[in-house]
Amino acid sequence: MRLYALAVYLFLYIPIGVIALFSFNAGRHAAQFSGFSLQWYGKTLANPFVVNAVKTSFTVAVTSALLATLFGTLAAVALQGVRGRLRLFYDALVYVAVMVPGIVIGIATLIALVTVFDTLNPLLATLFGPENPIQLGLGKGSLIAAHGLFTMALVIIIVRARLQGMDRSLLEASADLGAPPMRSFVQITLPQIAPAVLAGFLLAFTFSFDDFIIAFFVAGSETTLPIYVFSSIRRGVTPEINVIGTLVLAASLLSLITAQVVMRRRSH
Amino acid sequence: MRPSLRTTLFLAPATAWLIAMLVLPLVVVVVFSFGERGAAGGYVPAFTFDNYFNLGARWAAFRNTLTLAPLGTVLCLLIAYPLAYFLAQKADPRWRTALLILVIVPFWTSILIRSYAWIQILGGNGLPRLIGELGFDRPRFINTPFAVMVGIVYGYLPLMVFPIYVALEKLDRRLLEASSDLGSPPWRTFLQVTLPLSLAGVATGSMLVFILLMGEFLIPQLLGGGKVFFVGNALVDLFLQSRNWPFGAAMAATLVLVMLVTVSLYLRSLRRLSGGRDDVALM
């Protein structure tokens with residue numbers, strides 16, 4: 001049993017080890033380790049394409065996660081007071097948003113947006129004249145809208161689960177003591193659902209930062225980090241990808257440890 | 001019951017988003033799937049079932065998806081179950097959390113990077129070269145169904161381990177003791193007590209992995225090299241290369257339909273297996 005577990009852990013970590021090891025490779029060839037060097041780190045971090053891709057991914061991930069968390073939390077709270085057919089409608093929508101494969105969401109968003117833009121753009125051109133036409137197109141906006149849709153559904157599910165496990169007697173006590181509903185919400189509900197909201201935000205951010213398939217369809221001319229990595233894998237094996245992989249893993253480990261430390265401190 | 005003003009205001013942004021970015025696009029897919037392809041690609045309005053009748057031309061993609069997705073799910077299950085069992089029942093409790101976290105850490109690099117790791121390991125200069133230097137014939141791993149399977153198991157294992165672990169962790173140890181006190185050999189206790197009681201976790205994990213695999217694109221693309229292709233690969237080709245949107249839309253709609261049918265069949269058979277009990281809570 002122990003041996004089996006060990007074997008599975010080896011299976012899980014050998015590829016990660018290969019990525020980390022070869023990111024320090026001195027040679028150009030990805031397959032042969034020819035000495036320790038940081039040169040690929042320097043080259044990768046100085047590559048303007050990589051820097052821009054990270055910036056785009058970060059902007060899209062932060063914006064879409066903030067919007068998804070805000071609107072998703074509001075919706076989850078509101079859905080508590082919704083029953084019957086309307087509730088069923090929302091449950092179905094959230095379920096569909098999570099169930100439908102990312103690739104189908106990507107395709108659907110692509111053809112819907114392109115169709116809408118193709119209809120609106122000539123209109124805009126006639127409205128504002130040909131000199132300064134405001135033209136709609138795929139880009140950061142469509143990325144944020146498409147990522148936010150999926151992650152908002154995740155936030156709704158997570159926050160709702162927390163709300164259902166909440167102690168209602170506190171809310172009743174607050175109302176009995178004369179607090180208006182908004183005040184009860186801010187002082188009682190919000191602190192109780194805060195961990196779920198935070199978890200939702202982090203999940204939303206991670207999803208957006210990692211997503212390739214939806215972005216592949218709706219990014220237009222923008223390049224997110226996963227799109228950049230995908231196209232450089234297609235061009236051939238390069239140590240640069242090992243560097244990016246190692247850095248992303250290190251960054252997520254670091255943020256997890258920070259989050260743990262902060263949470264510990266707060267609970268003391 | 002009429003929802004209050006606050007409820008309406010709170011729901012408004014989410015509703016608008018869901019309708020604009022989910023309902024509308026999915027409706028467009030269905031509408032397009034009955035349309036015709038324009039001369040330069042794109043879409044021309046029409047009402048025809050031709051796209052659906054022609055799906056046979058891409059039959060191989062459906063066949064691959066419908067064989068490799070269940071196979072990948074089963075492989076994940078077979079590898080994940082013993083590990084989850086070890087973590088929940090055998091591992092030292094002091095190390096349990098750390099061991100669990102170790103299962104997810106590889107999950108934090110994107111599937112792209114993880115597949116790239118396997119390209120390096122299974123590619124010509126990786127394992128095959130090593131085997132060649134040992135004096136054997138160099139085998140070919142990359143761009144085979146085997147490589148795709150390795151990628152799938154590597155990519156989705158944590159998703160299978162966690163639900164099973166949760167189910168096994170909740171298991172009442174007294175039931176296991178009772179079974180062995182009554183003279184059951186361990187394998188029998190496993191088959192009659194442990195396995196049935198962890199079925200909920202098995203179901204959740206399998207569903208998760210299966211659903212994600214049905215729409216998979218990256219792993220077959222990177223490790224199958226276009227030779228082992230899923231519906232997802234055909235869809236990317238239809239939308240971004242050959243720009244046959246109506247046909248692609250029909251294919252996407254069919255994929256969702258096939259998914260819904262297989263998932264509901266799976267759930268039904270599972271319910272029958274568990275003797276119609278309600279405690280097999282699904283997701």
# chains A, B, ... in the order shown; residues from 1 in each chain; ligands from 1

$ interface_residues --of "chain B" --to "chain A" --cutoff "6 Å" --atoms "only C-alpha atoms" --output "list of chain:residue names"
B:Thr7, B:Phe10, B:Leu11, B:Ala14, B:Pro25, B:Leu26, B:Val28, B:Val29, B:Leu83, B:Thr109, B:Ser110, B:Ile113, B:Ala117, B:Asn125, B:Gly215

$ select_by_dssp --residues "stretch 19-243 of chain B" --states "helix (DSSP H, G or I)" --output "MDAnalysis selection string"
chainID B and resid 19:33 50:90 93:108 111:122 127:133 145:169 173:181 186:197 199:214 218:223 231:241

$ residues_around --residues "A:Phe185" --least-positions-apart "3" --cutoff "12 Å" --atoms "only C-alpha atoms" --output "PyMOL selection string"
(chain A and resi 74+77-78+163+168+170-172+174-175+179-182+188-194) or (chain B and resi 6)

$ residues_around --residues "A:Phe49" --least-positions-apart "3" --cutoff "9 Å" --atoms "only C-alpha atoms" --output "CSV table (one decimal) with N, CA and C atoms, in the first residue's frame"
chain,number,residue,atom,x,y,z
A,46,ALA,N,13.0,38.8,-20.0
A,46,ALA,CA,13.3,39.9,-20.8
A,46,ALA,C,12.5,39.9,-22.1
A,52,ASN,N,4.1,40.9,-21.9
A,52,ASN,CA,2.8,41.3,-22.3
A,52,ASN,C,1.7,40.3,-22.0
A,53,ALA,N,2.0,39.0,-22.3
A,53,ALA,CA,1.0,38.0,-22.1
A,53,ALA,C,0.7,37.9,-20.6
A,54,VAL,N,1.7,38.0,-19.7
A,54,VAL,CA,1.4,37.9,-18.3
A,54,VAL,C,0.5,39.1,-17.9
A,223,THR,N,-3.1,38.2,-26.6
A,223,THR,CA,-2.4,36.9,-26.3
A,223,THR,C,-2.4,36.8,-24.7
A,228,TYR,N,0.0,32.1,-25.3
A,228,TYR,CA,1.5,32.2,-25.7
A,228,TYR,C,2.2,30.9,-25.5

$ atom_distance --atom1 "atom CA of A:Ala173" --atom2 "atom CA of A:Arg87"
26.9 Å

$ atom_distance --atom1 "atom CA of B:Val44" --atom2 "atom CA of A:Asp118"
13.3 Å

$ residues_around --residues "B:Phe229" --least-positions-apart "5" --cutoff "12 Å" --atoms "only C-alpha atoms" --output "JSON, numbers by chain"
{"B": [58, 59, 60, 61, 62, 63, 64, 65, 66, 67, 68, 69, 143, 144, 145, 148, 214, 215, 216, 217, 218, 219, 220, 221, 222, 223, 224, 234, 235, 236, 237]}

$ atom_distance --atom1 "atom CA of B:Ser264" --atom2 "atom CA of B:Pro82"
26.8 Å

$ closest_atom_pairs --of "stretch 32-100 of chain B" --to "stretch 150-160 of chain B" --cutoff "12 Å" --atoms "only C-alpha atoms" --output "JSON lines"
{"residue": "B:Leu68", "atom": "CA", "partner": "B:Ile152", "partner_atom": "CA", "distance": 9.5}
{"residue": "B:Ala69", "atom": "CA", "partner": "B:Ile152", "partner_atom": "CA", "distance": 8.9}
{"residue": "B:Pro70", "atom": "CA", "partner": "B:Ile152", "partner_atom": "CA", "distance": 11.1}
{"residue": "B:Leu71", "atom": "CA", "partner": "B:Ile152", "partner_atom": "CA", "distance": 9.9}
{"residue": "B:Gly72", "atom": "CA", "partner": "B:Ile152", "partner_atom": "CA", "distance": 6.4}
{"residue": "B:Thr73", "atom": "CA", "partner": "B:Val153", "partner_atom": "CA", "distance": 8.1}
{"residue": "B:Val74", "atom": "CA", "partner": "B:Val153", "partner_atom": "CA", "distance": 9.6}
{"residue": "B:Leu75", "atom": "CA", "partner": "B:Val153", "partner_atom": "CA", "distance": 6.9}
{"residue": "B:Cys76", "atom": "CA", "partner": "B:Val153", "partner_atom": "CA", "distance": 5.4}
{"residue": "B:Leu77", "atom": "CA", "partner": "B:Met160", "partner_atom": "CA", "distance": 6.4}
{"residue": "B:Leu78", "atom": "CA", "partner": "B:Met160", "partner_atom": "CA", "distance": 9.7}
{"residue": "B:Ile79", "atom": "CA", "partner": "B:Leu157", "partner_atom": "CA", "distance": 7.8}
{"residue": "B:Ala80", "atom": "CA", "partner": "B:Met160", "partner_atom": "CA", "distance": 6.1}
{"residue": "B:Tyr81", "atom": "CA", "partner": "B:Met160", "partner_atom": "CA", "distance": 8.0}
{"residue": "B:Pro82", "atom": "CA", "partner": "B:Met160", "partner_atom": "CA", "distance": 11.2}
{"residue": "B:Leu83", "atom": "CA", "partner": "B:Leu157", "partner_atom": "CA", "distance": 10.1}
{"residue": "B:Ala84", "atom": "CA", "partner": "B:Met160", "partner_atom": "CA", "distance": 8.8}
{"residue": "B:Tyr85", "atom": "CA", "partner": "B:Met160", "partner_atom": "CA", "distance": 12.0}
{"residue": "B:Leu99", "atom": "CA", "partner": "B:Pro158", "partner_atom": "CA", "distance": 11.9}
{"residue": "B:Leu100", "atom": "CA", "partner": "B:Pro158", "partner_atom": "CA", "distance": 9.3}

$ closest_residue --among "B:Ala88, B:Leu171, B:Ile104, B:Ile19" --to "B:Ser198" --atoms "only C-alpha atoms"
B:Leu171

$ residues_around --residues "B:Arg129" --least-positions-apart "6" --cutoff "12 Å" --atoms "only C-alpha atoms" --output "list in words"
Ala31 and Gln32 of chain A; Gln120, Ile121, Leu122, Gly123, Gly135, Phe136, Asp137, Arg138, Pro139, Arg140 and Phe141 of chain B

$ write_last_selection --atoms "all heavy atoms" --output "compact mmCIF listing (two decimals), in the first residue's frame"
# COMPACT_ATOMS: atom_id res chain seq x y z
N ALA A 31 16.40 18.57 -24.17
CA ALA A 31 16.42 17.18 -23.77
C ALA A 31 17.68 16.79 -23.01
O ALA A 31 17.73 15.77 -22.37
CB ALA A 31 16.27 16.28 -24.99
N GLN A 32 18.73 17.61 -23.12
CA GLN A 32 19.98 17.24 -22.46
C GLN A 32 20.32 18.28 -21.41
O GLN A 32 20.36 19.47 -21.71
CB GLN A 32 21.11 17.16 -23.48
CG GLN A 32 21.24 15.79 -24.06
CD GLN A 32 22.18 15.81 -25.23
OE1 GLN A 32 22.17 16.74 -26.03
NE2 GLN A 32 23.00 14.78 -25.33
N GLN B 120 8.31 16.24 -23.22
CA GLN B 120 9.74 16.09 -23.03
C GLN B 120 10.10 14.67 -22.59
O GLN B 120 11.12 14.13 -22.99
CB GLN B 120 10.25 17.10 -22.00
CG GLN B 120 10.15 18.53 -22.49
CD GLN B 120 10.60 19.53 -21.44
OE1 GLN B 120 11.76 19.77 -21.24
NE2 GLN B 120 9.63 20.11 -20.77
N ILE B 121 9.24 14.09 -21.72
CA ILE B 121 9.56 12.75 -21.21
C ILE B 121 9.33 11.68 -22.27
O ILE B 121 10.16 10.79 -22.47
CB ILE B 121 8.72 12.45 -19.95
CG1 ILE B 121 9.12 13.41 -18.82
CG2 ILE B 121 8.91 11.00 -19.50
CD1 ILE B 121 8.23 13.33 -17.62
N LEU B 122 8.18 11.76 -22.95
CA LEU B 122 7.83 10.69 -23.89
C LEU B 122 8.38 10.94 -25.29
O LEU B 122 8.42 10.03 -26.12
CB LEU B 122 6.30 10.53 -23.96
CG LEU B 122 5.61 10.13 -22.66
CD1 LEU B 122 4.10 10.11 -22.85
CD2 LEU B 122 6.08 8.75 -22.19
N GLY B 123 8.78 12.16 -25.56
CA GLY B 123 9.28 12.50 -26.90
C GLY B 123 10.58 11.80 -27.23
O GLY B 123 11.22 11.20 -26.36
N GLY B 135 20.25 -0.40 -25.03
CA GLY B 135 20.45 -1.46 -26.00
C GLY B 135 19.18 -2.07 -26.55
O GLY B 135 19.21 -3.06 -27.28
N PHE B 136 18.04 -1.49 -26.20
CA PHE B 136 16.79 -2.01 -26.75
C PHE B 136 16.39 -1.19 -27.98
O PHE B 136 16.96 -0.13 -28.25
CB PHE B 136 15.66 -1.92 -25.72
CG PHE B 136 15.90 -2.75 -24.50
CD1 PHE B 136 16.39 -2.17 -23.33
CD2 PHE B 136 15.64 -4.12 -24.52
CE1 PHE B 136 16.62 -2.95 -22.20
CE2 PHE B 136 15.86 -4.88 -23.39
CZ PHE B 136 16.35 -4.29 -22.24
N ASP B 137 15.38 -1.68 -28.69
CA ASP B 137 14.82 -0.89 -29.78
C ASP B 137 14.14 0.34 -29.20
O ASP B 137 13.47 0.25 -28.18
CB ASP B 137 13.78 -1.72 -30.55
CG ASP B 137 14.45 -2.67 -31.52
OD1 ASP B 137 15.65 -2.48 -31.78
OD2 ASP B 137 13.76 -3.60 -31.99
N ARG B 138 14.32 1.46 -29.87
CA ARG B 138 13.66 2.67 -29.39
C ARG B 138 12.16 2.58 -29.62
O ARG B 138 11.72 2.48 -30.75
CB ARG B 138 14.18 3.87 -30.17
CG ARG B 138 15.45 4.42 -29.64
CD ARG B 138 15.68 5.72 -30.35
NE ARG B 138 16.90 6.33 -29.87
CZ ARG B 138 17.14 7.64 -29.97
NH1 ARG B 138 16.27 8.41 -30.54
NH2 ARG B 138 18.26 8.13 -29.52
N PRO B 139 11.39 2.64 -28.55
CA PRO B 139 9.93 2.62 -28.77
C PRO B 139 9.43 4.03 -29.13
O PRO B 139 10.15 5.01 -28.95
CB PRO B 139 9.40 2.20 -27.41
CG PRO B 139 10.43 2.63 -26.43
CD PRO B 139 11.75 2.71 -27.14
N ARG B 140 8.24 4.10 -29.65
CA ARG B 140 7.63 5.40 -29.95
C ARG B 140 6.46 5.61 -28.99
O ARG B 140 5.53 4.82 -28.94
CB ARG B 140 7.09 5.39 -31.37
CG ARG B 140 7.74 6.39 -32.28
CD ARG B 140 7.08 6.31 -33.64
NE ARG B 140 5.73 6.86 -33.57
CZ ARG B 140 5.47 8.16 -33.70
NH1 ARG B 140 6.44 9.00 -33.90
NH2 ARG B 140 4.24 8.60 -33.65
N PHE B 141 6.52 6.66 -28.21
CA PHE B 141 5.44 6.92 -27.27
C PHE B 141 4.59 8.11 -27.70
O PHE B 141 3.38 8.07 -27.66
CB PHE B 141 6.00 7.22 -25.87
CG PHE B 141 6.64 6.03 -25.22
CD1 PHE B 141 7.90 6.12 -24.65
CD2 PHE B 141 5.96 4.82 -25.17
CE1 PHE B 141 8.48 5.03 -24.05
CE2 PHE B 141 6.53 3.72 -24.57
CZ PHE B 141 7.81 3.82 -24.00

$ closest_residue --among "B:Phe86, B:Phe107, B:Phe230, B:Phe247" --to "B:Thr48" --atoms "only C-alpha atoms"
B:Phe247
